[in-house]
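Student: My structure is stored as protein-v8.txt, with compact mmCIF, C-alpha atoms.
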# COMPACT_ATOMS: atom_id res chain seq x y z
CA MET V 1 2.02 37.16 14.38
CA TYR V 2 0.58 36.57 10.93
CA LYS V 3 0.95 39.57 8.63
CA ILE V 4 -1.74 40.52 6.12
CA VAL V 5 0.08 40.80 2.78
CA SER V 6 -2.85 42.02 0.69
CA LYS V 7 -6.53 42.90 1.05
CA ARG V 8 -9.01 42.96 -1.82
CA LYS V 9 -12.72 43.79 -1.62
CA LEU V 10 -14.83 41.47 -3.79
CA ASN V 11 -18.13 43.27 -3.12
CA ASP V 12 -19.69 45.30 -0.32
CA SER V 13 -19.55 42.42 2.17
CA MET V 14 -16.87 40.00 0.95
CA THR V 15 -13.10 40.37 1.17
CA TRP V 16 -10.06 38.38 0.03
CA LEU V 17 -7.00 38.37 2.31
CA VAL V 18 -3.53 36.97 1.69
CA ILE V 19 -1.80 36.15 4.98
CA GLU V 20 1.74 35.12 5.83
CA ALA V 21 1.55 31.63 7.36
CA PRO V 22 4.50 29.61 5.99
CA LEU V 23 4.01 26.47 8.09
CA VAL V 24 0.36 26.25 7.09
CA ALA V 25 1.05 27.01 3.42
CA ARG V 26 3.67 24.27 3.28
CA LYS V 27 1.14 21.49 3.91
CA ALA V 28 -2.17 22.99 2.76
CA LYS V 29 -4.41 21.17 0.27
CA PRO V 30 -7.76 22.06 -1.39
CA GLY V 31 -10.73 21.57 0.91
CA GLN V 32 -8.86 22.22 4.15
CA PHE V 33 -9.41 25.14 6.51
CA ILE V 34 -7.71 27.21 9.18
CA ILE V 35 -8.80 28.64 12.52
CA LEU V 36 -7.75 32.19 13.32
CA ARG V 37 -7.92 34.76 16.09
CA THR V 38 -7.69 38.47 15.34
CA ASP V 39 -6.06 39.28 18.69
CA GLU V 40 -5.31 37.69 22.05
CA TYR V 41 -8.84 38.38 23.26
CA GLY V 42 -10.58 37.25 20.09
CA GLU V 43 -12.73 34.20 19.48
CA ARG V 44 -11.55 31.34 17.27
CA ILE V 45 -13.32 31.05 13.92
CA PRO V 46 -12.83 28.56 11.07
CA LEU V 47 -12.31 29.76 7.49
CA THR V 48 -11.70 27.69 4.37
CA MET V 49 -8.46 28.43 2.55
CA ALA V 50 -9.15 29.86 -0.90
CA GLY V 51 -5.59 29.05 -1.94
CA HIS V 52 -2.01 28.94 -0.80
CA ASP V 53 1.53 29.57 -2.06
CA SER V 54 4.04 27.28 -0.41
CA GLU V 55 7.01 29.16 -1.92
CA LYS V 56 5.88 32.57 -0.70
CA GLY V 57 4.56 31.08 2.54
CA THR V 58 1.11 32.61 2.20
CA ILE V 59 -2.48 31.43 2.43
CA ASP V 60 -5.66 33.00 1.02
CA ILE V 61 -8.97 33.38 2.81
CA ILE V 62 -12.26 34.83 1.61
CA TYR V 63 -14.86 35.88 4.15
CA ALA V 64 -18.14 37.73 4.47
CA ALA V 65 -18.30 40.37 7.21
CA ILE V 66 -21.47 39.10 8.84
CA GLY V 67 -20.41 37.94 12.32
CA ARG V 68 -18.58 39.50 15.25
CA THR V 69 -15.09 38.31 14.31
CA THR V 70 -15.40 38.77 10.55
CA MET V 71 -16.65 42.33 11.08
CA LEU V 72 -13.60 42.94 13.25
CA LEU V 73 -11.34 41.21 10.73
CA ASP V 74 -12.69 43.49 8.01
CA GLN V 75 -11.16 46.48 9.80
CA PHE V 76 -7.65 45.08 9.47
CA GLU V 77 -5.54 46.49 6.64
CA GLU V 78 -2.43 45.42 4.73
CA GLY V 79 0.52 45.34 7.11
CA ASP V 80 -1.59 44.50 10.16
CA ALA V 81 -1.11 41.11 11.78
CA LEU V 82 -3.41 38.45 13.22
CA ALA V 83 -2.67 36.85 16.56
CA ASP V 84 -3.12 33.22 15.51
CA VAL V 85 -3.54 31.11 12.40
CA VAL V 86 -3.79 27.34 12.98
CA GLY V 87 -3.92 24.70 10.26
CA PRO V 88 -4.24 23.10 7.87
CA LEU V 89 -7.26 21.37 9.44
CA GLY V 90 -9.82 18.94 8.07
CA LYS V 91 -9.50 16.36 5.34
CA PRO V 92 -8.44 17.41 1.82
CA THR V 93 -10.90 17.16 -1.06
CA HIS V 94 -11.18 13.63 -2.47
CA MET V 95 -10.19 13.61 -6.15
CA GLU V 96 -9.01 10.09 -6.95
CA GLY V 97 -10.80 8.41 -9.86
CA LEU V 98 -12.81 11.47 -10.86
CA LYS V 99 -12.91 12.57 -14.49
CA LYS V 100 -15.80 15.05 -14.62
CA VAL V 101 -17.63 16.84 -11.83
CA ALA V 102 -20.18 19.60 -11.31
CA VAL V 103 -19.47 22.01 -8.47
CA VAL V 104 -22.50 23.97 -7.29
CA GLY V 105 -21.95 27.06 -5.18
CA GLY V 106 -24.57 29.30 -3.60
CA GLY V 107 -24.09 32.90 -2.44
CA THR V 108 -21.15 33.32 -0.08
CA GLY V 109 -20.58 29.58 -0.43
CA ASN V 110 -18.94 30.33 -3.77
CA ALA V 111 -15.93 31.54 -1.83
CA LEU V 112 -15.64 28.01 -0.40
CA ALA V 113 -16.41 26.41 -3.76
CA TYR V 114 -13.57 28.28 -5.44
CA PRO V 115 -10.63 26.29 -3.98
CA LEU V 116 -12.49 23.00 -4.51
CA ALA V 117 -13.36 23.70 -8.15
CA THR V 118 -9.97 25.09 -9.12
CA GLY V 119 -8.13 22.43 -7.13
CA MET V 120 -9.98 19.69 -8.99
CA HIS V 121 -9.32 21.41 -12.31
CA ASP V 122 -5.61 21.69 -11.52
CA ALA V 123 -5.64 17.93 -10.81
CA GLY V 124 -6.85 17.25 -14.36
CA ILE V 125 -10.56 16.82 -13.61
CA GLU V 126 -13.10 18.43 -15.97
CA VAL V 127 -15.10 20.88 -13.88
CA ASP V 128 -18.45 22.50 -14.62
CA MET V 129 -18.94 25.32 -12.11
CA ILE V 130 -22.47 26.52 -11.33
CA ALA V 131 -22.34 29.70 -9.26
CA GLY V 132 -25.60 31.10 -7.92
CA PHE V 133 -26.19 34.58 -6.48
CA LYS V 134 -29.15 36.75 -5.45
CA ASN V 135 -28.32 39.49 -7.94
CA LYS V 136 -25.57 41.04 -10.05
CA GLU V 137 -24.15 43.06 -7.13
CA MET V 138 -23.42 39.85 -5.22
CA VAL V 139 -21.44 38.13 -7.98
CA ILE V 140 -17.85 37.33 -6.98
CA LEU V 141 -14.85 35.52 -8.46
CA GLU V 142 -16.20 35.41 -12.01
CA ASP V 143 -12.80 35.90 -13.67
CA GLU V 144 -11.15 33.44 -11.29
CA PHE V 145 -13.77 30.76 -11.93
CA ARG V 146 -13.51 31.22 -15.71
CA ALA V 147 -9.75 30.85 -15.57
CA GLY V 148 -9.79 27.92 -13.15
CA THR V 149 -12.60 25.69 -14.42
CA ASP V 150 -13.73 24.27 -17.77
CA ASN V 151 -17.20 25.83 -17.85
CA LEU V 152 -18.76 28.52 -15.68
CA TYR V 153 -22.53 29.01 -15.40
CA ILE V 154 -23.73 32.00 -13.37
CA THR V 155 -27.32 32.20 -12.16
CA THR V 156 -29.08 35.00 -10.32
CA ASP V 157 -32.42 34.84 -8.54
CA ASP V 158 -33.67 38.02 -10.20
CA GLY V 159 -32.07 37.53 -13.60
CA SER V 160 -29.97 40.70 -13.31
CA TYR V 161 -26.88 38.77 -14.44
CA GLY V 162 -26.16 35.43 -16.06
CA GLU V 163 -29.18 33.14 -16.26
CA LYS V 164 -32.31 33.75 -14.23
CA GLY V 165 -33.12 30.93 -11.85
CA PHE V 166 -31.60 28.73 -9.19
CA THR V 167 -28.47 26.62 -9.29
CA THR V 168 -30.63 23.50 -9.03
CA ASP V 169 -32.43 24.45 -12.26
CA LYS V 170 -29.11 24.75 -14.10
CA LEU V 171 -27.81 21.51 -12.62
CA LYS V 172 -30.84 19.58 -13.86
CA GLU V 173 -30.52 21.22 -17.27
CA LEU V 174 -26.89 20.15 -17.61
CA ILE V 175 -27.61 16.59 -16.52
CA ASP V 176 -30.59 16.34 -18.89
CA ALA V 177 -28.35 17.64 -21.69
CA GLY V 178 -26.26 14.49 -21.36
CA ASN V 179 -23.40 15.53 -19.11
CA LYS V 180 -22.06 12.46 -17.31
CA TYR V 181 -20.79 13.56 -13.92
CA ASP V 182 -18.80 11.25 -11.69
CA GLU V 183 -19.69 13.45 -8.74
CA ILE V 184 -21.66 16.55 -7.81
CA VAL V 185 -20.18 18.83 -5.15
CA ALA V 186 -22.44 21.22 -3.22
CA VAL V 187 -21.12 24.25 -1.32
CA GLY V 188 -23.35 26.92 0.15
CA PRO V 189 -26.41 27.38 2.37
CA PRO V 190 -27.58 24.06 3.87
CA MET V 191 -31.01 24.32 2.24
CA MET V 192 -29.45 24.74 -1.20
CA MET V 193 -27.06 21.86 -0.61
CA LYS V 194 -29.95 19.68 0.53
CA PHE V 195 -31.76 20.13 -2.79
CA VAL V 196 -28.59 19.79 -4.88
CA CYS V 197 -27.82 16.46 -3.21
CA LYS V 198 -31.43 15.36 -3.67
CA ILE V 199 -31.15 16.01 -7.42
CA ALA V 200 -27.90 14.04 -7.51
CA GLU V 201 -29.61 11.15 -5.72
CA ASP V 202 -32.57 11.25 -8.12
CA TYR V 203 -30.18 10.90 -11.06
CA GLY V 204 -28.05 8.25 -9.38
CA ILE V 205 -24.97 10.48 -9.15
CA PRO V 206 -22.74 10.49 -6.04
CA SER V 207 -22.80 13.79 -4.18
CA VAL V 208 -20.43 15.51 -1.78
CA ALA V 209 -21.44 18.35 0.54
CA SER V 210 -18.88 20.70 2.05
CA LEU V 211 -20.34 21.55 5.45
CA THR V 212 -19.80 24.55 7.66
CA ALA V 213 -20.53 24.46 11.36
CA TYR V 214 -19.78 26.25 14.59
CA MET V 215 -16.55 24.99 16.11
CA VAL V 216 -14.06 25.98 18.78
CA ASP V 217 -10.91 23.87 18.84
CA GLY V 218 -10.99 22.23 15.41
CA THR V 219 -9.65 18.94 16.73
CA GLY V 220 -12.88 17.10 17.58
CA MET V 221 -12.82 17.75 21.34
CA CYS V 222 -15.44 20.47 21.81
CA GLY V 223 -18.23 18.76 19.87
CA GLY V 224 -19.59 22.07 18.61
CA CYS V 225 -19.44 21.06 14.96
CA ARG V 226 -21.31 17.78 15.43
CA CYS V 227 -23.50 16.67 12.54
CA VAL V 228 -25.39 13.49 11.75
CA VAL V 229 -24.25 11.56 8.69
CA GLY V 230 -25.66 8.13 7.92
CA GLY V 231 -27.29 8.02 11.34
CA GLU V 232 -23.95 8.50 13.13
CA ASN V 233 -22.49 11.53 14.86
CA LYS V 234 -19.62 13.05 12.91
CA PHE V 235 -17.50 16.13 13.46
CA VAL V 236 -17.00 18.61 10.62
CA CYS V 237 -13.53 19.55 11.84
CA VAL V 238 -11.92 16.10 11.81
CA ASP V 239 -14.28 13.86 9.83
CA GLY V 240 -14.98 16.52 7.19
CA PRO V 241 -15.60 19.14 6.10
CA GLU V 242 -16.80 17.09 3.10
CA PHE V 243 -19.38 14.31 3.48
CA ASP V 244 -21.57 12.08 1.35
CA GLY V 245 -24.46 14.43 0.60
CA SER V 246 -27.01 11.63 0.43
CA LEU V 247 -26.28 10.65 4.05
CA VAL V 248 -26.37 14.07 5.74
CA ASP V 249 -29.27 14.77 8.10
CA TRP V 250 -30.04 18.14 6.57
CA ASP V 251 -32.90 19.10 8.88
CA GLU V 252 -30.72 18.58 11.95
CA LEU V 253 -27.85 20.56 10.39
CA ILE V 254 -30.10 23.47 9.42
CA LYS V 255 -31.50 23.61 12.94
CA ARG V 256 -28.04 23.64 14.55
CA ASN V 257 -26.70 26.30 12.15
CA SER V 258 -29.55 28.67 13.00
CA PHE V 259 -28.92 28.50 16.75
CA TYR V 260 -26.99 31.81 16.96
CA LYS V 261 -28.94 33.85 14.40
CA GLU V 262 -30.29 36.27 17.00
CA GLN V 263 -26.82 36.84 18.47
CA GLU V 264 -25.37 37.45 14.99
CA ALA V 265 -28.09 40.02 14.29
CA GLU V 266 -27.22 41.82 17.54
CA ASP V 267 -23.53 41.87 16.59
CA ALA V 268 -24.30 43.29 13.16
CA ALA V 269 -26.33 46.12 14.69
CA HIS V 270 -23.89 46.94 17.50
CA ILE V 271 -22.29 50.40 17.54
CA CYS V 272 -19.16 50.80 19.65
CA ARG V 273 -19.53 53.63 22.20
CA LEU V 274 -15.83 54.47 21.97
CA THR V 275 -15.38 54.68 18.21
CA GLY V 276 -18.89 55.03 16.78
CA GLY V 277 -18.13 52.06 14.53
CA VAL V 278 -19.27 48.46 14.46
CA ARG V 279 -15.97 47.17 15.84
CA TYR V 280 -12.44 48.40 16.30
CA HIS V 281 -8.97 47.04 16.91
CA ASP V 282 -5.76 48.55 18.27
In structure tokens, write the structure found in this file.
Tutor:
Amino acid sequence: MYKIVSKRKLNDSMTWLVIEAPLVARKAKPGQFIILRTDEYGERIPLTMAGHDSEKGTIDIIYAAIGRTTMLLDQFEEGDALADVVGPLGKPTHMEGLKKVAVVGGGTGNALAYPLATGMHDAGIEVDMIAGFKNKEMVILEDEFRAGTDNLYITTDDGSYGEKGFTTDKLKELIDAGNKYDEIVAVGPPMMMKFVCKIAEDYGIPSVASLTAYMVDGTGMCGGCRCVVGGENKFVCVDGPEFDGSLVDWDELIKRNSFYKEQEAEDAAHICRLTGGVRYHD
């Protein structure tokens, strides 16, 4: 069993958990993920590690309570334990030879961008972090980004906090201002990442996209996380989760990621007849 050491609400929908998982923490690196089950009857879901402490034997995860398992997970409290935590999975973030990068995060994707941006910064890379949100209420990890990167730029769609506009607007502004990036990293909704990588391509800058996809086993056997990169089938779990953004078939990825939208909407609206709540656990 994997004990929840601490639980911290970041906003109305997003939560930060610290979980005891010493074997995972011992080998974890930025960019990798874990697969967990809440209980013996639960489904397996992948979550990027927001951090880890090999000495304490803990890992950090940040999630949005928007699907069946994350809504259930959100009902766990400090002292409760998860049934399974498997990892670290996926390839670590590539950092060799990089001196300056721009990391662009969108919405809940900023939770995934956090370990990448801070991990690069800890490795001695200069990091400009562009974090985009819908509005002020959705802003997360501001203090952590400021402490863990060289420059933080917050944008909101409605202008209620930071700069009004999209992350792509700020990215173009920074490039036009003379910033020489060795790489641009995109993390967030596929449509946002598509346009970020297109801007990078237009300016002749290499881009990396951190992809999320439905997966079951995390070892490349189920094929659920298949994506098309450079005209070839790749698997997010073993070949990624990071890929050359200029080679990703974004239209195919967007179509696959929207496959279960109706089911997710049903889960979000479900009221348990026994408890009156969305979900429950023993």
Student: One number please: CA of Ile19 in chain V to CA of Asp84 in chain V, in Å, one decimal.
Tutor: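 Between CA of Ile19 in chain V and CA of Asp84 in chain V the gap works out to 11.0 Å.
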Student: Neighbours of Asp202 in chain V within 12 Å (all atoms listed in the file; same-chain residues fewer than 5 positions away dropped), as a list in words?
Tutor: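 Residues near the query, excluding close chain neighbours: Lys172, Ile175, Phe195, Val196, Cys197, Ser207 and Ser246 of chain V.
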Student: Skipping near chain neighbours, those fewer than 5 positions away, what residues fall within 10 Å of Ile62 in chain V using all atoms listed in the file, listed as a list of chain:residue names?
Tutor: V:Lys7, V:Arg8, V:Lys9, V:Leu10, V:Met14, V:Thr15, V:Trp16, V:Leu17, V:Val18, V:Leu47, V:Thr48, V:Met49, V:Ala50, V:Gly51, V:Thr108, V:Asn110, V:Ala111, V:Leu112, V:Tyr114
Student: Against range 26-29 of chain V, which residues of range 102-166 of chain V fall within 12 Å? For each one I want the closest pair of atoms and the distance in Å (one decimal), counting all atoms listed in the file, rows by chain and increasing residue number, as a Markdown table.
Tutor:
| residue | atom | partner | partner_atom | distance |
| --- | --- | --- | --- | --- |
| V:Pro115 | CA | V:Lys29 | CA | 9.1 |
| V:Leu116 | CA | V:Lys29 | CA | 9.6 |
| V:Thr118 | CA | V:Lys29 | CA | 11.6 |
| V:Gly119 | CA | V:Lys29 | CA | 8.4 |
| V:Met120 | CA | V:Lys29 | CA | 10.9 |
| V:Asp122 | CA | V:Lys29 | CA | 11.9 |
| V:Ala123 | CA | V:Lys29 | CA | 11.6 |
Student: Looking at all atoms listed in the file, which of V:Ile125, V:Met221, V:Val236, V:Asn11 is the one that sits closest to Tyr63 in chain V?
Tutor: V:Asn11
Student: Give as a PDB file with C-alpha atoms, in the frame of the given file the set of residues within 10 Å of the point (-12.4, 29.3, -14.9), where distances use the file's coordinates and all atoms listed in the file.
Tutor:
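Generated output (part_35.pdb):
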ATOM      1  CA  TYR V 114     -13.570  28.280  -5.440  1.00  0.00           C
ATOM      2  CA  ALA V 117     -13.360  23.700  -8.150  1.00  0.00           C
ATOM      3  CA  THR V 118      -9.970  25.090  -9.120  1.00  0.00           C
ATOM      4  CA  HIS V 121      -9.320  21.410 -12.310  1.00  0.00           C
ATOM      5  CA  VAL V 127     -15.100  20.880 -13.880  1.00  0.00           C
ATOM      6  CA  ASP V 128     -18.450  22.500 -14.620  1.00  0.00           C
ATOM      7  CA  MET V 129     -18.940  25.320 -12.110  1.00  0.00           C
ATOM      8  CA  LEU V 141     -14.850  35.520  -8.460  1.00  0.00           C
ATOM      9  CA  GLU V 142     -16.200  35.410 -12.010  1.00  0.00           C
ATOM     10  CA  ASP V 143     -12.800  35.900 -13.670  1.00  0.00           C
ATOM     11  CA  GLU V 144     -11.150  33.440 -11.290  1.00  0.00           C
ATOM     12  CA  PHE V 145     -13.770  30.760 -11.930  1.00  0.00           C
ATOM     13  CA  ARG V 146     -13.510  31.220 -15.710  1.00  0.00           C
ATOM     14  CA  ALA V 147      -9.750  30.850 -15.570  1.00  0.00           C
ATOM     15  CA  GLY V 148      -9.790  27.920 -13.150  1.00  0.00           C
ATOM     16  CA  THR V 149     -12.600  25.690 -14.420  1.00  0.00           C
ATOM     17  CA  ASP V 150     -13.730  24.270 -17.770  1.00  0.00           C
ATOM     18  CA  ASN V 151     -17.200  25.830 -17.850  1.00  0.00           C
ATOM     19  CA  LEU V 152     -18.760  28.520 -15.680  1.00  0.00           C
TER      20      LEU V 152
END
Student: Counting only C-alpha atoms, figure out which residue out of V:Gly178, V:Pro92, V:Gly109, V:Pro190 gets nearest to Asp239 in chain V.
Tutor: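 Result for the nearest residue to Asp239 in chain V: V:Pro92.
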Student: (0.4, 34.6, 20.7) in this file's frame - what residues fall within 9 Å of it? Use all atoms listed in the file and give the answer as a list in words.
Tutor: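 Applying the cut-off with all atoms listed in the file, one gets Met1, Asp39, Glu40, Ala83 and Asp84 of chain V.
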Student: Point out the residue among V:Cys237, V:Met193, V:Ala65, V:Cys222 with the least atom-to-atom distance to Val208 in chain V, counting all atoms listed in the file.
Tutor: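 Selected residue with least distance to Val208 in chain V: V:Met193.
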Student: So how far away is CA of Leu171 in chain V from CA of Tyr153 in chain V, in Å?
Tutor: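 The value is 9.6 Å.
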Student: Would you kindly return, as number ranges by chain, each protein, DNA or RNA residue with an atom no farther than 10 Å from any atom of Lys3 in chain V, considering only C-alpha atoms and excluding same-chain residues fewer than 2 positions away?
Tutor: V: 1, 5-6, 18-21, 58, 77-83
Student: At what distance in Å, to one decimal, does CA of Lys234 in chain V lie from CA of Glu183 in chain V?
Tutor: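 Computing it gives 21.7 Å between the two atoms.
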Student: Considering all atoms listed in the file, state which residue in the set V:Ala209, V:Ile66, V:Ala102, V:Met215 is at the smallest distance from Glu242 in chain V.
Tutor: V:Ala209
Student: Of the candidates V:Gly231, V:Gly240, V:Pro189, V:Pro206, which shows the shortest atom-to-atom distance to Ile254 in chain V, using all atoms listed in the file?
Tutor: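 Of V:Gly231, V:Gly240, V:Pro189, V:Pro206, the one nearest Ile254 in chain V, counting all atoms listed in the file, is V:Pro189.
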Student: Restricting the calculation to only C-alpha atoms: of V:Asp169, V:Asp244, V:Glu163, V:Asp60, which residue gets closest to Ala186 in chain V?
Tutor: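 Ranking V:Asp169, V:Asp244, V:Glu163, V:Asp60 by distance to Ala186 in chain V, first place goes to V:Asp244.
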Student: Set the distance at 12 Å and use only C-alpha atoms: which residues neighbour Glu232 in chain V once local chain neighbours fewer than 4 positions away are removed? I'd like the list as an MDAnalysis selection string.
Tutor: chainID V and resid 226:228 239 247:249
Student: List the neighbours of Gly162 in chain V out to 10 Å using all atoms listed in the file; skip same-chain residues closer than 3 positions along the sequence, and give me the result as a ChimeraX atom specification.
Tutor: /V:131-133,135-136,139,153-159,165
Student: With N, CA, C and O atoms as the atom set, please write range 88-106 of chain V from the structure just given, as a PDB file, in the first residue's frame.
Tutor:
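Output below, filename decode-v6.pdb:
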ATOM      1  N   PRO V  88       9.285   4.257 -12.064  1.00  0.00           N
ATOM      2  CA  PRO V  88       8.997   5.307 -13.052  1.00  0.00           C
ATOM      3  C   PRO V  88       8.894   4.743 -14.473  1.00  0.00           C
ATOM      4  O   PRO V  88       9.616   3.828 -14.836  1.00  0.00           O
ATOM      5  N   LEU V  89       7.979   5.322 -15.254  1.00  0.00           N
ATOM      6  CA  LEU V  89       7.729   4.883 -16.617  1.00  0.00           C
ATOM      7  C   LEU V  89       8.019   6.025 -17.593  1.00  0.00           C
ATOM      8  O   LEU V  89       8.006   7.196 -17.230  1.00  0.00           O
ATOM      9  N   GLY V  90       8.264   5.662 -18.840  1.00  0.00           N
ATOM     10  CA  GLY V  90       8.555   6.660 -19.858  1.00  0.00           C
ATOM     11  C   GLY V  90      10.009   7.097 -19.840  1.00  0.00           C
ATOM     12  O   GLY V  90      10.774   6.781 -18.924  1.00  0.00           O
ATOM     13  N   LYS V  91      10.380   7.837 -20.864  1.00  0.00           N
ATOM     14  CA  LYS V  91      11.750   8.326 -20.975  1.00  0.00           C
ATOM     15  C   LYS V  91      11.905   9.664 -20.266  1.00  0.00           C
ATOM     16  O   LYS V  91      11.027  10.524 -20.357  1.00  0.00           O
ATOM     17  N   PRO V  92      13.030   9.878 -19.565  1.00  0.00           N
ATOM     18  CA  PRO V  92      13.251  11.163 -18.897  1.00  0.00           C
ATOM     19  C   PRO V  92      13.398  12.295 -19.912  1.00  0.00           C
ATOM     20  O   PRO V  92      13.689  12.073 -21.089  1.00  0.00           O
ATOM     21  N   THR V  93      13.195  13.514 -19.439  1.00  0.00           N
ATOM     22  CA  THR V  93      13.350  14.696 -20.282  1.00  0.00           C
ATOM     23  C   THR V  93      14.779  14.830 -20.792  1.00  0.00           C
ATOM     24  O   THR V  93      15.735  14.709 -20.022  1.00  0.00           O
ATOM     25  N   HIS V  94      14.912  15.073 -22.100  1.00  0.00           N
ATOM     26  CA  HIS V  94      16.239  15.265 -22.700  1.00  0.00           C
ATOM     27  C   HIS V  94      16.745  16.659 -22.361  1.00  0.00           C
ATOM     28  O   HIS V  94      16.051  17.653 -22.580  1.00  0.00           O
ATOM     29  N   MET V  95      17.953  16.743 -21.801  1.00  0.00           N
ATOM     30  CA  MET V  95      18.509  18.036 -21.397  1.00  0.00           C
ATOM     31  C   MET V  95      19.905  18.306 -21.941  1.00  0.00           C
ATOM     32  O   MET V  95      20.377  19.440 -21.881  1.00  0.00           O
ATOM     33  N   GLU V  96      20.556  17.302 -22.471  1.00  0.00           N
ATOM     34  CA  GLU V  96      21.946  17.438 -22.896  1.00  0.00           C
ATOM     35  C   GLU V  96      22.092  18.508 -23.978  1.00  0.00           C
ATOM     36  O   GLU V  96      21.344  18.544 -24.949  1.00  0.00           O
ATOM     37  N   GLY V  97      23.081  19.388 -23.807  1.00  0.00           N
ATOM     38  CA  GLY V  97      23.412  20.384 -24.808  1.00  0.00           C
ATOM     39  C   GLY V  97      22.531  21.619 -24.810  1.00  0.00           C
ATOM     40  O   GLY V  97      22.743  22.530 -25.611  1.00  0.00           O
ATOM     41  N   LEU V  98      21.544  21.670 -23.935  1.00  0.00           N
ATOM     42  CA  LEU V  98      20.634  22.813 -23.898  1.00  0.00           C
ATOM     43  C   LEU V  98      21.152  23.898 -22.950  1.00  0.00           C
ATOM     44  O   LEU V  98      21.586  23.602 -21.834  1.00  0.00           O
ATOM     45  N   LYS V  99      21.072  25.136 -23.399  1.00  0.00           N
ATOM     46  CA  LYS V  99      21.501  26.260 -22.566  1.00  0.00           C
ATOM     47  C   LYS V  99      20.328  27.163 -22.185  1.00  0.00           C
ATOM     48  O   LYS V  99      20.295  27.703 -21.083  1.00  0.00           O
ATOM     49  N   LYS V 100      19.382  27.336 -23.101  1.00  0.00           N
ATOM     50  CA  LYS V 100      18.224  28.190 -22.827  1.00  0.00           C
ATOM     51  C   LYS V 100      16.996  27.626 -23.517  1.00  0.00           C
ATOM     52  O   LYS V 100      17.042  27.308 -24.705  1.00  0.00           O
ATOM     53  N   VAL V 101      15.903  27.504 -22.761  1.00  0.00           N
ATOM     54  CA  VAL V 101      14.673  26.953 -23.321  1.00  0.00           C
ATOM     55  C   VAL V 101      13.477  27.791 -22.881  1.00  0.00           C
ATOM     56  O   VAL V 101      13.532  28.521 -21.885  1.00  0.00           O
ATOM     57  N   ALA V 102      12.410  27.677 -23.649  1.00  0.00           N
ATOM     58  CA  ALA V 102      11.110  28.231 -23.258  1.00  0.00           C
ATOM     59  C   ALA V 102      10.176  27.056 -23.035  1.00  0.00           C
ATOM     60  O   ALA V 102      10.046  26.188 -23.909  1.00  0.00           O
ATOM     61  N   VAL V 103       9.560  27.008 -21.872  1.00  0.00           N
ATOM     62  CA  VAL V 103       8.568  25.979 -21.572  1.00  0.00           C
ATOM     63  C   VAL V 103       7.203  26.649 -21.577  1.00  0.00           C
ATOM     64  O   VAL V 103       6.994  27.651 -20.879  1.00  0.00           O
ATOM     65  N   VAL V 104       6.286  26.117 -22.367  1.00  0.00           N
ATOM     66  CA  VAL V 104       4.963  26.716 -22.514  1.00  0.00           C
ATOM     67  C   VAL V 104       3.921  25.743 -21.981  1.00  0.00           C
ATOM     68  O   VAL V 104       3.765  24.634 -22.503  1.00  0.00           O
ATOM     69  N   GLY V 105       3.221  26.160 -20.933  1.00  0.00           N
ATOM     70  CA  GLY V 105       2.199  25.319 -20.333  1.00  0.00           C
ATOM     71  C   GLY V 105       0.828  25.936 -20.481  1.00  0.00           C
ATOM     72  O   GLY V 105       0.678  27.154 -20.385  1.00  0.00           O
ATOM     73  N   GLY V 106      -0.188  25.093 -20.701  1.00  0.00           N
ATOM     74  CA  GLY V 106      -1.543  25.587 -20.860  1.00  0.00           C
ATOM     75  C   GLY V 106      -2.503  24.916 -19.909  1.00  0.00           C
ATOM     76  O   GLY V 106      -2.578  23.682 -19.866  1.00  0.00           O
TER      77      GLY V 106
END
